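A.B. asks: Input structure: query_7.pdb, which contains PDB, C-alpha atoms.
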```pdb
ATOM      1  CA  MET A   1     -64.010 -52.390-106.691  1.00  0.00           C
ATOM      2  CA  ALA A   2     -61.359 -50.568-104.716  1.00  0.00           C
ATOM      3  CA  LYS A   3     -62.290 -49.068-101.353  1.00  0.00           C
ATOM      4  CA  ASP A   4     -62.006 -45.384-100.771  1.00  0.00           C
ATOM      5  CA  ARG A   5     -58.842 -44.709 -98.713  1.00  0.00           C
ATOM      6  CA  THR A   6     -60.048 -41.387 -97.444  1.00  0.00           C
ATOM      7  CA  PRO A   7     -59.686 -41.406 -93.671  1.00  0.00           C
ATOM      8  CA  ASP A   8     -62.784 -41.639 -91.635  1.00  0.00           C
ATOM      9  CA  LYS A   9     -62.955 -38.069 -90.389  1.00  0.00           C
ATOM     10  CA  SER A  10     -65.578 -38.835 -87.878  1.00  0.00           C
ATOM     11  CA  ARG A  11     -63.385 -41.434 -86.208  1.00  0.00           C
ATOM     12  CA  ALA A  12     -60.334 -39.331 -86.413  1.00  0.00           C
ATOM     13  CA  THR A  13     -62.154 -36.351 -85.037  1.00  0.00           C
ATOM     14  CA  GLY A  14     -63.714 -38.426 -82.339  1.00  0.00           C
ATOM     15  CA  GLY A  15     -60.421 -40.000 -81.434  1.00  0.00           C
ATOM     16  CA  GLY A  16     -58.750 -36.653 -81.388  1.00  0.00           C
ATOM     17  CA  ALA A  17     -61.423 -35.257 -79.215  1.00  0.00           C
ATOM     18  CA  SER A  18     -61.057 -38.214 -76.987  1.00  0.00           C
ATOM     19  CA  ARG A  19     -57.323 -37.749 -76.670  1.00  0.00           C
ATOM     20  CA  ALA A  20     -57.710 -34.047 -76.206  1.00  0.00           C
ATOM     21  CA  GLY A  21     -60.390 -34.679 -73.678  1.00  0.00           C
ATOM     22  CA  GLY A  22     -58.125 -37.170 -71.989  1.00  0.00           C
ATOM     23  CA  ARG A  23     -55.441 -34.580 -71.655  1.00  0.00           C
ATOM     24  CA  GLY A  24     -57.924 -32.010 -70.457  1.00  0.00           C
ATOM     25  CA  THR A  25     -59.871 -33.989 -67.881  1.00  0.00           C
ATOM     26  CA  GLY A  26     -58.524 -37.465 -67.386  1.00  0.00           C
ATOM     27  CA  GLY A  27     -54.746 -36.789 -67.216  1.00  0.00           C
ATOM     28  CA  ARG A  28     -52.600 -36.395 -64.090  1.00  0.00           C
ATOM     29  CA  THR A  29     -52.600 -33.071 -62.265  1.00  0.00           C
ATOM     30  CA  ARG A  30     -49.932 -31.807 -59.774  1.00  0.00           C
ATOM     31  CA  PRO A  31     -51.379 -31.614 -56.249  1.00  0.00           C
ATOM     32  CA  PRO A  32     -51.493 -28.104 -54.836  1.00  0.00           C
ATOM     33  CA  THR A  33     -48.403 -27.196 -52.788  1.00  0.00           C
ATOM     34  CA  GLN A  34     -49.069 -27.024 -49.025  1.00  0.00           C
ATOM     35  CA  VAL A  35     -47.210 -24.166 -47.303  1.00  0.00           C
ATOM     36  CA  VAL A  36     -46.470 -25.044 -43.659  1.00  0.00           C
ATOM     37  CA  ALA A  37     -45.652 -22.087 -41.426  1.00  0.00           C
ATOM     38  CA  GLN A  38     -42.671 -22.752 -39.116  1.00  0.00           C
ATOM     39  CA  GLN A  39     -43.796 -22.899 -35.471  1.00  0.00           C
ATOM     40  CA  ARG A  40     -41.576 -21.144 -32.904  1.00  0.00           C
ATOM     41  CA  PRO A  41     -40.880 -23.154 -29.709  1.00  0.00           C
ATOM     42  CA  TRP A  42     -42.405 -20.550 -27.406  1.00  0.00           C
ATOM     43  CA  GLY A  43     -42.569 -22.967 -24.495  1.00  0.00           C
ATOM     44  CA  LEU A  44     -38.847 -23.686 -24.615  1.00  0.00           C
ATOM     45  CA  ILE A  45     -38.042 -20.003 -25.022  1.00  0.00           C
ATOM     46  CA  ALA A  46     -40.181 -19.088 -22.009  1.00  0.00           C
ATOM     47  CA  ALA A  47     -38.543 -21.828 -19.915  1.00  0.00           C
ATOM     48  CA  ALA A  48     -35.069 -20.649 -20.896  1.00  0.00           C
ATOM     49  CA  VAL A  49     -35.922 -17.055 -20.013  1.00  0.00           C
ATOM     50  CA  ALA A  50     -37.291 -18.171 -16.638  1.00  0.00           C
ATOM     51  CA  VAL A  51     -34.084 -20.080 -15.893  1.00  0.00           C
ATOM     52  CA  VAL A  52     -31.951 -17.061 -16.799  1.00  0.00           C
ATOM     53  CA  VAL A  53     -34.061 -14.737 -14.632  1.00  0.00           C
ATOM     54  CA  PHE A  54     -33.920 -17.168 -11.706  1.00  0.00           C
ATOM     55  CA  ALA A  55     -30.151 -17.577 -12.026  1.00  0.00           C
ATOM     56  CA  ALA A  56     -29.711 -13.808 -12.125  1.00  0.00           C
ATOM     57  CA  ALA A  57     -31.847 -13.432  -8.997  1.00  0.00           C
ATOM     58  CA  VAL A  58     -29.825 -16.091  -7.158  1.00  0.00           C
ATOM     59  CA  ILE A  59     -26.537 -14.480  -8.130  1.00  0.00           C
ATOM     60  CA  THR A  60     -27.793 -11.047  -7.115  1.00  0.00           C
ATOM     61  CA  TYR A  61     -28.958 -12.380  -3.754  1.00  0.00           C
ATOM     62  CA  ALA A  62     -25.605 -14.083  -3.168  1.00  0.00           C
ATOM     63  CA  VAL A  63     -23.702 -10.912  -4.007  1.00  0.00           C
ATOM     64  CA  VAL A  64     -25.882  -8.870  -1.646  1.00  0.00           C
ATOM     65  CA  GLN A  65     -25.360 -11.416   1.154  1.00  0.00           C
ATOM     66  CA  VAL A  66     -21.591 -11.387   0.660  1.00  0.00           C
ATOM     67  CA  ARG A  67     -21.497  -7.602   0.693  1.00  0.00           C
ATOM     68  CA  GLU A  68     -23.588  -7.477   3.867  1.00  0.00           C
ATOM     69  CA  ALA A  69     -21.300 -10.032   5.519  1.00  0.00           C
ATOM     70  CA  ASP A  70     -18.246  -8.037   4.488  1.00  0.00           C
ATOM     71  CA  ALA A  71     -19.820  -4.869   5.864  1.00  0.00           C
ATOM     72  CA  LEU A  72     -20.381  -6.563   9.255  1.00  0.00           C
ATOM     73  CA  ARG A  73     -16.972  -8.239   9.466  1.00  0.00           C
ATOM     74  CA  VAL A  74     -14.558  -6.802  12.015  1.00  0.00           C
ATOM     75  CA  GLU A  75     -10.895  -7.532  12.588  1.00  0.00           C
ATOM     76  CA  SER A  76     -10.517  -6.361  16.173  1.00  0.00           C
ATOM     77  CA  ILE A  77     -12.570  -6.302  19.363  1.00  0.00           C
ATOM     78  CA  ASP A  78     -12.003  -2.542  19.416  1.00  0.00           C
ATOM     79  CA  GLU A  79     -14.256  -2.248  16.364  1.00  0.00           C
ATOM     80  CA  ILE A  80     -17.251  -3.584  18.299  1.00  0.00           C
ATOM     81  CA  ALA A  81     -18.959  -0.745  20.137  1.00  0.00           C
ATOM     82  CA  GLY A  82     -19.521  -1.489  23.807  1.00  0.00           C
ATOM     83  CA  ALA A  83     -17.186  -4.487  24.029  1.00  0.00           C
ATOM     84  CA  GLN A  84     -15.101  -4.632  27.212  1.00  0.00           C
ATOM     85  CA  THR A  85     -11.632  -6.137  27.622  1.00  0.00           C
ATOM     86  CA  TYR A  86     -10.089  -7.542  30.815  1.00  0.00           C
ATOM     87  CA  GLU A  87      -6.758  -9.147  31.681  1.00  0.00           C
ATOM     88  CA  TYR A  88      -6.780 -12.591  33.292  1.00  0.00           C
ATOM     89  CA  GLU A  89      -4.180 -15.269  33.864  1.00  0.00           C
ATOM     90  CA  GLY A  90      -5.073 -18.766  32.761  1.00  0.00           C
ATOM     91  CA  GLY A  91      -4.374 -22.148  34.332  1.00  0.00           C
ATOM     92  CA  LEU A  92      -5.748 -21.437  37.810  1.00  0.00           C
ATOM     93  CA  HIS A  93      -7.961 -24.338  38.878  1.00  0.00           C
ATOM     94  CA  ASP A  94     -10.231 -24.438  41.904  1.00  0.00           C
ATOM     95  CA  ASP A  95     -13.227 -26.744  42.284  1.00  0.00           C
ATOM     96  CA  GLY A  96     -14.784 -24.672  45.035  1.00  0.00           C
ATOM     97  CA  PRO A  97     -17.206 -21.780  44.567  1.00  0.00           C
ATOM     98  CA  ILE A  98     -15.521 -18.668  43.154  1.00  0.00           C
ATOM     99  CA  GLU A  99     -16.530 -15.024  43.342  1.00  0.00           C
ATOM    100  CA  TYR A 100     -16.011 -13.252  40.026  1.00  0.00           C
ATOM    101  CA  GLU A 101     -15.661  -9.545  39.347  1.00  0.00           C
ATOM    102  CA  GLN A 102     -17.744  -9.664  36.189  1.00  0.00           C
ATOM    103  CA  SER A 103     -21.196 -11.133  35.882  1.00  0.00           C
ATOM    104  CA  PRO A 104     -21.231 -13.283  33.851  1.00  0.00           C
ATOM    105  CA  PRO A 105     -17.531 -14.002  34.457  1.00  0.00           C
ATOM    106  CA  VAL A 106     -14.990 -13.722  31.652  1.00  0.00           C
ATOM    107  CA  GLY A 107     -11.841 -15.188  33.195  1.00  0.00           C
ATOM    108  CA  GLY A 108      -9.903 -16.074  36.306  1.00  0.00           C
ATOM    109  CA  PRO A 109      -9.749 -19.237  38.448  1.00  0.00           C
ATOM    110  CA  HIS A 110     -12.146 -21.985  37.407  1.00  0.00           C
ATOM    111  CA  ALA A 111     -13.173 -25.603  37.928  1.00  0.00           C
ATOM    112  CA  ASN A 112     -11.074 -28.464  36.612  1.00  0.00           C
ATOM    113  CA  LEU A 113     -13.981 -29.738  34.524  1.00  0.00           C
ATOM    114  CA  TRP A 114     -15.019 -27.531  31.633  1.00  0.00           C
ATOM    115  CA  ALA A 115     -18.537 -27.209  30.285  1.00  0.00           C
ATOM    116  CA  ASP A 116     -19.129 -28.819  26.912  1.00  0.00           C
ATOM    117  CA  CYS A 117     -18.814 -26.113  24.270  1.00  0.00           C
ATOM    118  CA  THR A 118     -19.281 -28.013  21.020  1.00  0.00           C
ATOM    119  CA  GLY A 119     -22.100 -25.759  19.837  1.00  0.00           C
ATOM    120  CA  THR A 120     -24.064 -26.664  22.958  1.00  0.00           C
ATOM    121  CA  VAL A 121     -27.370 -24.997  23.823  1.00  0.00           C
ATOM    122  CA  TYR A 122     -28.170 -25.443  27.518  1.00  0.00           C
ATOM    123  CA  ASP A 123     -31.598 -24.811  29.007  1.00  0.00           C
ATOM    124  CA  VAL A 124     -30.204 -24.437  32.546  1.00  0.00           C
ATOM    125  CA  ASP A 125     -27.990 -21.825  34.172  1.00  0.00           C
ATOM    126  CA  ILE A 126     -24.773 -23.845  34.039  1.00  0.00           C
ATOM    127  CA  ARG A 127     -22.202 -23.623  36.801  1.00  0.00           C
ATOM    128  CA  HIS A 128     -20.138 -20.523  36.122  1.00  0.00           C
ATOM    129  CA  GLU A 129     -16.833 -22.008  37.277  1.00  0.00           C
ATOM    130  CA  ASN A 130     -17.119 -24.712  34.631  1.00  0.00           C
ATOM    131  CA  ALA A 131     -18.137 -22.227  31.959  1.00  0.00           C
ATOM    132  CA  VAL A 132     -15.050 -20.079  32.601  1.00  0.00           C
ATOM    133  CA  HIS A 133     -12.864 -23.131  31.947  1.00  0.00           C
ATOM    134  CA  SER A 134     -14.546 -23.387  28.527  1.00  0.00           C
ATOM    135  CA  LEU A 135     -13.609 -19.759  27.872  1.00  0.00           C
ATOM    136  CA  GLU A 136     -10.016 -20.698  28.653  1.00  0.00           C
ATOM    137  CA  HIS A 137     -10.249 -23.221  25.796  1.00  0.00           C
ATOM    138  CA  GLY A 138     -11.362 -20.517  23.344  1.00  0.00           C
ATOM    139  CA  ALA A 139     -15.140 -20.759  23.615  1.00  0.00           C
ATOM    140  CA  VAL A 140     -17.660 -17.974  23.211  1.00  0.00           C
ATOM    141  CA  TRP A 141     -20.372 -18.231  25.862  1.00  0.00           C
ATOM    142  CA  ILE A 142     -23.682 -16.507  25.126  1.00  0.00           C
ATOM    143  CA  THR A 143     -25.949 -15.943  28.112  1.00  0.00           C
ATOM    144  CA  TYR A 144     -29.393 -14.407  28.446  1.00  0.00           C
ATOM    145  CA  ASN A 145     -31.678 -13.277  31.221  1.00  0.00           C
ATOM    146  CA  PRO A 146     -34.745 -15.536  30.819  1.00  0.00           C
ATOM    147  CA  ASP A 147     -36.975 -12.809  32.282  1.00  0.00           C
ATOM    148  CA  GLU A 148     -35.934 -10.235  29.675  1.00  0.00           C
ATOM    149  CA  VAL A 149     -35.877 -12.080  26.353  1.00  0.00           C
ATOM    150  CA  THR A 150     -38.523 -13.651  24.144  1.00  0.00           C
ATOM    151  CA  ASP A 151     -38.677 -17.152  22.734  1.00  0.00           C
ATOM    152  CA  ALA A 152     -37.789 -15.620  19.366  1.00  0.00           C
ATOM    153  CA  ASP A 153     -34.643 -14.080  20.877  1.00  0.00           C
ATOM    154  CA  ILE A 154     -33.603 -17.435  22.310  1.00  0.00           C
ATOM    155  CA  ALA A 155     -34.201 -19.136  18.949  1.00  0.00           C
ATOM    156  CA  THR A 156     -32.087 -16.517  17.175  1.00  0.00           C
ATOM    157  CA  LEU A 157     -29.208 -17.009  19.603  1.00  0.00           C
ATOM    158  CA  ALA A 158     -29.498 -20.789  19.422  1.00  0.00           C
ATOM    159  CA  GLU A 159     -29.221 -20.665  15.649  1.00  0.00           C
ATOM    160  CA  LEU A 160     -25.926 -18.824  16.042  1.00  0.00           C
ATOM    161  CA  VAL A 161     -24.597 -21.409  18.503  1.00  0.00           C
ATOM    162  CA  ASP A 162     -26.125 -24.803  17.776  1.00  0.00           C
ATOM    163  CA  GLY A 163     -23.559 -27.202  16.316  1.00  0.00           C
ATOM    164  CA  VAL A 164     -20.773 -24.601  16.021  1.00  0.00           C
ATOM    165  CA  SER A 165     -17.639 -25.797  17.770  1.00  0.00           C
ATOM    166  CA  TYR A 166     -16.283 -23.549  20.538  1.00  0.00           C
ATOM    167  CA  ARG A 167     -19.665 -21.972  21.201  1.00  0.00           C
ATOM    168  CA  MET A 168     -22.248 -22.526  23.919  1.00  0.00           C
ATOM    169  CA  MET A 169     -25.212 -20.680  25.390  1.00  0.00           C
ATOM    170  CA  SER A 170     -27.282 -20.825  28.547  1.00  0.00           C
ATOM    171  CA  PRO A 171     -29.715 -18.780  30.626  1.00  0.00           C
ATOM    172  CA  TYR A 172     -28.126 -16.706  33.388  1.00  0.00           C
ATOM    173  CA  GLU A 173     -30.374 -15.831  36.270  1.00  0.00           C
ATOM    174  CA  GLY A 174     -30.265 -12.188  37.401  1.00  0.00           C
ATOM    175  CA  GLN A 175     -28.085 -11.012  34.527  1.00  0.00           C
ATOM    176  CA  ASP A 176     -28.090  -7.204  34.299  1.00  0.00           C
ATOM    177  CA  ALA A 177     -28.616  -7.173  30.518  1.00  0.00           C
ATOM    178  CA  PRO A 178     -30.982  -9.195  28.347  1.00  0.00           C
ATOM    179  CA  ILE A 179     -28.057 -10.766  26.462  1.00  0.00           C
ATOM    180  CA  SER A 180     -24.345 -11.011  27.197  1.00  0.00           C
ATOM    181  CA  LEU A 181     -21.483 -12.554  25.244  1.00  0.00           C
ATOM    182  CA  GLN A 182     -18.260 -13.760  26.847  1.00  0.00           C
ATOM    183  CA  SER A 183     -14.921 -14.965  25.609  1.00  0.00           C
ATOM    184  CA  TRP A 184     -11.753 -15.145  27.697  1.00  0.00           C
ATOM    185  CA  GLY A 185     -11.129 -11.569  28.842  1.00  0.00           C
ATOM    186  CA  HIS A 186     -13.861 -10.046  26.668  1.00  0.00           C
ATOM    187  CA  GLN A 187     -17.522  -9.204  27.134  1.00  0.00           C
ATOM    188  CA  LEU A 188     -20.364  -7.539  25.250  1.00  0.00           C
ATOM    189  CA  LYS A 189     -23.845  -6.808  26.593  1.00  0.00           C
ATOM    190  CA  VAL A 190     -26.774  -6.001  24.308  1.00  0.00           C
ATOM    191  CA  ASP A 191     -30.523  -5.589  24.522  1.00  0.00           C
ATOM    192  CA  SER A 192     -31.589  -7.564  21.452  1.00  0.00           C
ATOM    193  CA  ALA A 193     -30.673 -10.810  19.730  1.00  0.00           C
ATOM    194  CA  ASP A 194     -31.014  -8.944  16.430  1.00  0.00           C
ATOM    195  CA  ASP A 195     -28.196  -6.557  17.337  1.00  0.00           C
ATOM    196  CA  GLU A 196     -25.556  -7.012  14.611  1.00  0.00           C
ATOM    197  CA  ARG A 197     -22.813  -6.899  17.264  1.00  0.00           C
ATOM    198  CA  VAL A 198     -23.901 -10.316  18.553  1.00  0.00           C
ATOM    199  CA  LYS A 199     -22.783 -12.021  15.367  1.00  0.00           C
ATOM    200  CA  GLN A 200     -19.730  -9.776  15.082  1.00  0.00           C
ATOM    201  CA  PHE A 201     -18.530 -10.797  18.538  1.00  0.00           C
ATOM    202  CA  ALA A 202     -19.257 -14.497  18.016  1.00  0.00           C
ATOM    203  CA  ASP A 203     -17.575 -14.639  14.617  1.00  0.00           C
ATOM    204  CA  LEU A 204     -14.529 -12.694  15.778  1.00  0.00           C
ATOM    205  CA  MET A 205     -13.875 -14.287  19.156  1.00  0.00           C
ATOM    206  CA  THR A 206     -14.716 -17.955  18.622  1.00  0.00           C
ATOM    207  CA  ALA A 207     -11.361 -19.724  19.147  1.00  0.00           C
ATOM    208  CA  LYS A 208      -9.560 -16.531  18.105  1.00  0.00           C
ATOM    209  CA  ALA A 209      -5.840 -17.161  18.023  1.00  0.00           C
ATOM    210  CA  GLY A 210      -3.858 -15.278  20.656  1.00  0.00           C
ATOM    211  CA  GLU A 211      -6.911 -14.351  22.732  1.00  0.00           C
ATOM    212  CA  PHE A 212      -7.174 -17.296  25.153  1.00  0.00           C
ATOM    213  CA  PRO A 213      -4.691 -19.264  27.287  1.00  0.00           C
ATOM    214  CA  GLU A 214      -5.091 -22.831  25.974  1.00  0.00           C
ATOM    215  CA  PRO A 215      -5.045 -23.013  22.164  1.00  0.00           C
ATOM    216  CA  GLY A 216      -5.779 -26.471  20.815  1.00  0.00           C
ATOM    217  CA  ALA A 217      -7.676 -27.604  23.917  1.00  0.00           C
ATOM    218  CA  THR A 218     -10.852 -29.544  23.179  1.00  0.00           C
ATOM    219  CA  CYS A 219     -14.360 -28.289  23.840  1.00  0.00           C
ATOM    220  CA  GLU A 220     -15.743 -31.795  24.215  1.00  0.00           C
ATOM    221  CA  SER A 221     -16.828 -32.644  27.756  1.00  0.00           C
ATOM    222  CA  PRO A 222     -19.117 -35.698  27.634  1.00  0.00           C
ATOM    223  CA  THR A 223     -19.477 -35.944  31.403  1.00  0.00           C
ATOM    224  CA  PHE A 224     -20.684 -32.374  31.724  1.00  0.00           C
ATOM    225  CA  LEU A 225     -22.874 -32.645  28.644  1.00  0.00           C
ATOM    226  CA  ALA A 226     -24.617 -35.746  29.959  1.00  0.00           C
ATOM    227  CA  ASP A 227     -25.342 -34.167  33.344  1.00  0.00           C
ATOM    228  CA  PRO A 228     -24.676 -30.399  33.425  1.00  0.00           C
ATOM    229  CA  LEU A 229     -23.796 -28.789  36.736  1.00  0.00           C
ATOM    230  CA  VAL A 230     -26.028 -25.833  37.484  1.00  0.00           C
ATOM    231  CA  ALA A 231     -25.211 -22.512  39.134  1.00  0.00           C
ATOM    232  CA  GLU A 232     -27.569 -22.844  42.068  1.00  0.00           C
ATOM    233  CA  ALA A 233     -26.142 -26.264  42.957  1.00  0.00           C
ATOM    234  CA  ALA A 234     -22.516 -25.168  42.783  1.00  0.00           C
ATOM    235  CA  SER A 235     -21.870 -25.131  46.509  1.00  0.00           C
ATOM    236  CA  ALA A 236     -23.266 -28.637  46.924  1.00  0.00           C
ATOM    237  CA  GLY A 237     -21.341 -29.947  43.937  1.00  0.00           C
ATOM    238  CA  THR A 238     -24.436 -31.648  42.602  1.00  0.00           C
ATOM    239  CA  SER A 239     -25.655 -31.921  39.050  1.00  0.00           C
ATOM    240  CA  ALA A 240     -28.866 -30.825  37.427  1.00  0.00           C
ATOM    241  CA  PRO A 241     -31.826 -33.069  38.168  1.00  0.00           C
TER     242      PRO A 241
END
```
I need this file expressed as structure tokens, please.
C.D. replies:
Amino acid sequence: MAKDRTPDKSRATGGGASRAGGRGTGGRTRPPTQVVAQQRPWGLIAAAVAVVVFAAAVITYAVVQVREADALRVESIDEIAGAQTYEYEGGLHDDGPIEYEQSPPVGGPHANLWADCTGTVYDVDIRHENAVHSLEHGAVWITYNPDEVTDADIATLAELVDGVSYRMMSPYEGQDAPISLQSWGHQLKVDSADDERVKQFADLMTAKAGEFPEPGATCESPTFLADPLVAEAASAGTSAP
């Protein structure tokens, strides 16, 4: 007897349900998209801004310093209020004690040996006759009355002199002003190391061409530097102890 060919609806339905169910629950699903917010490099931005601000500050400071230096710069001794000018002939050597018209002296006869003036800071009142010879070579000699200046004043002056060729400084006993500056034939006396004229004089007159008798002469004097002659021992011709 032939079998009924009618499809088994229960199987078909079940299979269909299974397939449908498979698509509904057991099939693949696309993972949810993750949205990542872009992070700004705030640290790098802050560092860059700091660098720019610092650079601007440095440039501003440099510009201000240059402008201040330009404002203080002078081209002639006549522009420095209170500076005195004298006429002296160079080349007159005398190893004996010499009486000078100015105190400290600014020119005239002087000892054969010059005081070292290679940016030298002396702590003794050096022999004046030797110092004048240094002026003849183009040096600026800064002197101070040790009874009328402070340690801070001395430090300020030393900073202007120390290591600068054709400059020297020393105490000068009995000086009639707290601070005095000398170059050959020129002098300036001031009350304070902070007086802007101190730097003006030093910058203008240090080895200034045409203002001293022996251009090109050295300021090195190893013998004097090793054992400076002092003012109070001048007549005996002895050196500092």
A.B. asks: One number please: CA of Ile80 in chain A to CA of Glu196 in chain A, in Å, one decimal.
C.D. replies: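 Computing it gives 9.7 Å between the two atoms.
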A.B. asks: To verify the selection step, state as a ChimeraX atom specification which residues the PyMOL selection byres ((chain A and resi 154-171) around 7) yields on this input.
C.D. replies: /A:117-126,138-146,150-153,172-173,193,206-207,219
A.B. asks: Would you write out, as a list in words, every residue that the PyMOL selection byres ((chain A and resi 135) around 8) captures in this file?
C.D. replies: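 Applied to this file, the PyMOL selection byres ((chain A and resi 135) around 8) selects Val106, Gly107, Ala131, Val132, His133, Ser134, Glu136, His137, Gly138, Ala139, Val140, Trp141, Gln182, Ser183, Trp184 and Phe212 of chain A.
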A.B. asks: Nearest to Asp195 in chain A: which of A:Val53, A:Ala111, A:Val230, A:Leu72 is it, counting all atoms listed in the file?
C.D. replies: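 For Asp195 in chain A, the nearest of the candidates is A:Leu72.
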A.B. asks: Report as a tab-separated table (two decimals) with C-alpha atoms, keeping the file's coordinate frame the residues that result from applying the PyMOL selection byres ((chain A and resi 108) around 7) to the structure here.
C.D. replies:
```tsv
chain	number	residue	atom	x	y	z
A	88	TYR	CA	-6.78	-12.59	33.29
A	89	GLU	CA	-4.18	-15.27	33.86
A	90	GLY	CA	-5.07	-18.77	32.76
A	92	LEU	CA	-5.75	-21.44	37.81
A	107	GLY	CA	-11.84	-15.19	33.20
A	109	PRO	CA	-9.75	-19.24	38.45
A	110	HIS	CA	-12.15	-21.98	37.41
```
A.B. asks: Would you mind reading off the distance between CA of Tyr100 in chain A and CA of Glu75 in chain A, one decimal, in Å?
C.D. replies: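 So the answer is 28.5 Å.
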A.B. asks: Record the distance separating CA of Glu129 in chain A and CA of Ile98 in chain A, expressed in Å with one decimal.
C.D. replies: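 These atoms are spaced 6.9 Å apart.
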